[in-house]
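Participant: This is the structure I want to talk about, given as structure tokens.
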Amino acid sequence: MDGMLTLLSFGGEGWGDEIAAGVLVTVSLALATLPLGLATGFLIALAKQSEERSLRLAANIYTTIFRGLPELLTLFLVFYGVQLGVQRIAALFNPDAYVEINAFAAGMVALGVVFSSYASEVFLSAFRAIPRGQYEGGWAIGLSKWQTMRLIVLPQLIRIALPGLSNLWLILLKDTALVSVIGLSDIIRQAGIAARVTKEAFLFFSVACLLYLVLAILSSIVFGYIERWTGRTVASR
């Protein structure tokens, strides 16, 4: 028992510092990806409702591709494919140019496009759950389309979409483990390094499991509070 506590301690003898750094990377990546995925998913949902046929087609193609591809393959395409493409473009201007894509940025983009493809369906379902009369009522009292969206539709949209988005956040949090394969020092990578060095694989991967569960529980508490807050906000209107 003392040996395990020593391995998990902070400082030169333990791996606590490295594991804590991995937690920070995991949470930072998830939080950085969330606004990108939400904003893109919202725009894709709007495009799917557009009267412009080309926009609807493009949005459907986008979600079909990124919902159909495995997340790991999407990560490889972004990290290696984009890097290769940029490298070849740069070589046209400077044959000796070397371009390296940042692993954190690649992970954020890859997870962001996957998250947005699923989030767009959540937003689309929420849009369809809001009666058409809500829009017409806003226009009838002189509100513009933007004002109707901001003041009437969005508050209801957030409340309706929140349960689905909370599930997607938990999936995103777990999918951050994939970035360990491109060298980003998240929880899984740090636990793997510690396991190989100390030969205590069960200990460190058990710690990794516990950390993900703690993050999931904390996330559920936060989203539960947000759901109650949005419910009170809507009820007070």
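Residue numbers start at 1 in each chain; chains themselves are named A, B, ... in the order of the structure tokens; ligands are numbered from 1 in the order shown.
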Please tabulate, as CSV, the residues of range 100-123 of chain A that come within 10 Å of range 139-161 of chain A, each with its closest pair of atoms and the distance in Å to one decimal, counting only C-alpha atoms and ordering rows by chain, then residue number upward.

Facilitator:
```
residue,atom,partner,partner_atom,distance
A:Ala119,CA,A:Ala161,CA,8.9
A:Glu121,CA,A:Ala161,CA,9.7
A:Val122,CA,A:Ala161,CA,6.0
A:Phe123,CA,A:Ala161,CA,6.1
```

Participant: Any idea what's packed within 7 Å of Thr176 in chain A, counting only C-alpha atoms, ignoring anything in its chain fewer than 4 positions away? Could you give it as a list in words?

Facilitator: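 Residues meeting the cut-off are Thr26, Ala30 and Leu172 of chain A.
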
Participant: What lies within 12 Å of Lys48 in chain A using only C-alpha atoms, ignoring chain neighbours under 5 positions off, as a list in words?

Facilitator: Gly41, Phe42, Leu43, Arg53, Ser54, Leu55, Arg56, Leu57, Ala58, Ala59, Asn60, Ile61, Tyr62, Thr63, Ser117, Ser120, Glu121, Phe123, Leu124, Ser125, Phe127 and Arg128 of chain A

Participant: Need the shell around range 95-108 of chain A: protein/DNA/RNA residues with any atom at most 7 Å away, counting only C-alpha atoms. Skip same-chain ones fewer than 3 positions apart. Format as a ChimeraX atom specification?

Facilitator: /A:29,32-33,75,78-79,83,86-87,90-92,111-112,179,182-184

Participant: Next, write the just-selected residues to a file, as a PDB file, in the first residue's frame, keeping N, CA and C atoms as the atom set.

Facilitator:
```
ATOM      1  N   LEU A  29      -8.432  20.339 -23.498  1.00  0.00           N
ATOM      2  CA  LEU A  29      -8.807  19.957 -24.856  1.00  0.00           C
ATOM      3  C   LEU A  29     -10.326  19.885 -25.005  1.00  0.00           C
ATOM      4  N   ALA A  32     -11.753  23.431 -24.899  1.00  0.00           N
ATOM      5  CA  ALA A  32     -11.427  24.172 -26.121  1.00  0.00           C
ATOM      6  C   ALA A  32     -12.254  23.684 -27.309  1.00  0.00           C
ATOM      7  N   THR A  33     -12.560  22.388 -27.310  1.00  0.00           N
ATOM      8  CA  THR A  33     -13.333  21.813 -28.411  1.00  0.00           C
ATOM      9  C   THR A  33     -14.807  22.153 -28.316  1.00  0.00           C
ATOM     10  N   LEU A  75      -9.256  11.768 -36.632  1.00  0.00           N
ATOM     11  CA  LEU A  75      -8.075  12.355 -35.997  1.00  0.00           C
ATOM     12  C   LEU A  75      -6.839  12.158 -36.856  1.00  0.00           C
ATOM     13  N   VAL A  78      -6.948  14.479 -39.950  1.00  0.00           N
ATOM     14  CA  VAL A  78      -6.618  15.874 -39.638  1.00  0.00           C
ATOM     15  C   VAL A  78      -5.138  16.026 -39.323  1.00  0.00           C
ATOM     16  N   PHE A  79      -4.619  15.149 -38.467  1.00  0.00           N
ATOM     17  CA  PHE A  79      -3.235  15.306 -38.004  1.00  0.00           C
ATOM     18  C   PHE A  79      -2.229  15.015 -39.116  1.00  0.00           C
ATOM     19  N   GLN A  83      -1.453  17.946 -42.359  1.00  0.00           N
ATOM     20  CA  GLN A  83      -0.027  18.240 -42.291  1.00  0.00           C
ATOM     21  C   GLN A  83       0.647  17.969 -43.635  1.00  0.00           C
ATOM     22  N   VAL A  86      -0.552  20.728 -46.201  1.00  0.00           N
ATOM     23  CA  VAL A  86       0.110  22.010 -45.970  1.00  0.00           C
ATOM     24  C   VAL A  86       1.585  21.930 -46.346  1.00  0.00           C
ATOM     25  N   GLN A  87       2.213  20.790 -46.080  1.00  0.00           N
ATOM     26  CA  GLN A  87       3.619  20.589 -46.410  1.00  0.00           C
ATOM     27  C   GLN A  87       3.838  20.699 -47.921  1.00  0.00           C
ATOM     28  N   ALA A  90       3.403  24.327 -49.016  1.00  0.00           N
ATOM     29  CA  ALA A  90       4.563  25.121 -48.619  1.00  0.00           C
ATOM     30  C   ALA A  90       5.771  24.808 -49.498  1.00  0.00           C
ATOM     31  N   ALA A  91       5.870  23.544 -49.950  1.00  0.00           N
ATOM     32  CA  ALA A  91       7.003  23.155 -50.788  1.00  0.00           C
ATOM     33  C   ALA A  91       6.989  23.848 -52.151  1.00  0.00           C
ATOM     34  N   LEU A  92       5.814  24.299 -52.572  1.00  0.00           N
ATOM     35  CA  LEU A  92       5.734  25.024 -53.840  1.00  0.00           C
ATOM     36  C   LEU A  92       6.470  26.354 -53.768  1.00  0.00           C
ATOM     37  N   LEU A 111     -11.891  16.425 -33.067  1.00  0.00           N
ATOM     38  CA  LEU A 111     -12.992  16.179 -32.137  1.00  0.00           C
ATOM     39  C   LEU A 111     -14.109  17.192 -32.333  1.00  0.00           C
ATOM     40  N   GLY A 112     -13.734  18.416 -32.732  1.00  0.00           N
ATOM     41  CA  GLY A 112     -14.726  19.465 -32.953  1.00  0.00           C
ATOM     42  C   GLY A 112     -15.671  19.150 -34.102  1.00  0.00           C
ATOM     43  N   VAL A 179      -6.433  11.257 -28.405  1.00  0.00           N
ATOM     44  CA  VAL A 179      -5.304  12.110 -28.804  1.00  0.00           C
ATOM     45  C   VAL A 179      -3.980  11.565 -28.291  1.00  0.00           C
ATOM     46  N   ILE A 182      -1.478  10.472 -30.989  1.00  0.00           N
ATOM     47  CA  ILE A 182      -0.696  11.428 -31.772  1.00  0.00           C
ATOM     48  C   ILE A 182       0.287  12.192 -30.880  1.00  0.00           C
ATOM     49  N   GLY A 183       0.516  11.669 -29.688  1.00  0.00           N
ATOM     50  CA  GLY A 183       1.574  12.200 -28.846  1.00  0.00           C
ATOM     51  C   GLY A 183       1.172  13.239 -27.835  1.00  0.00           C
ATOM     52  N   LEU A 184      -0.118  13.540 -27.714  1.00  0.00           N
ATOM     53  CA  LEU A 184      -0.536  14.531 -26.730  1.00  0.00           C
ATOM     54  C   LEU A 184      -0.594  13.879 -25.347  1.00  0.00           C
TER      55      LEU A 184
END
```

Participant: When you count only C-alpha atoms, which of these residues is closest to Ala177 in chain A: A:Leu77, A:Leu34, A:Ala129, A:Cys209?

Facilitator: A:Cys209
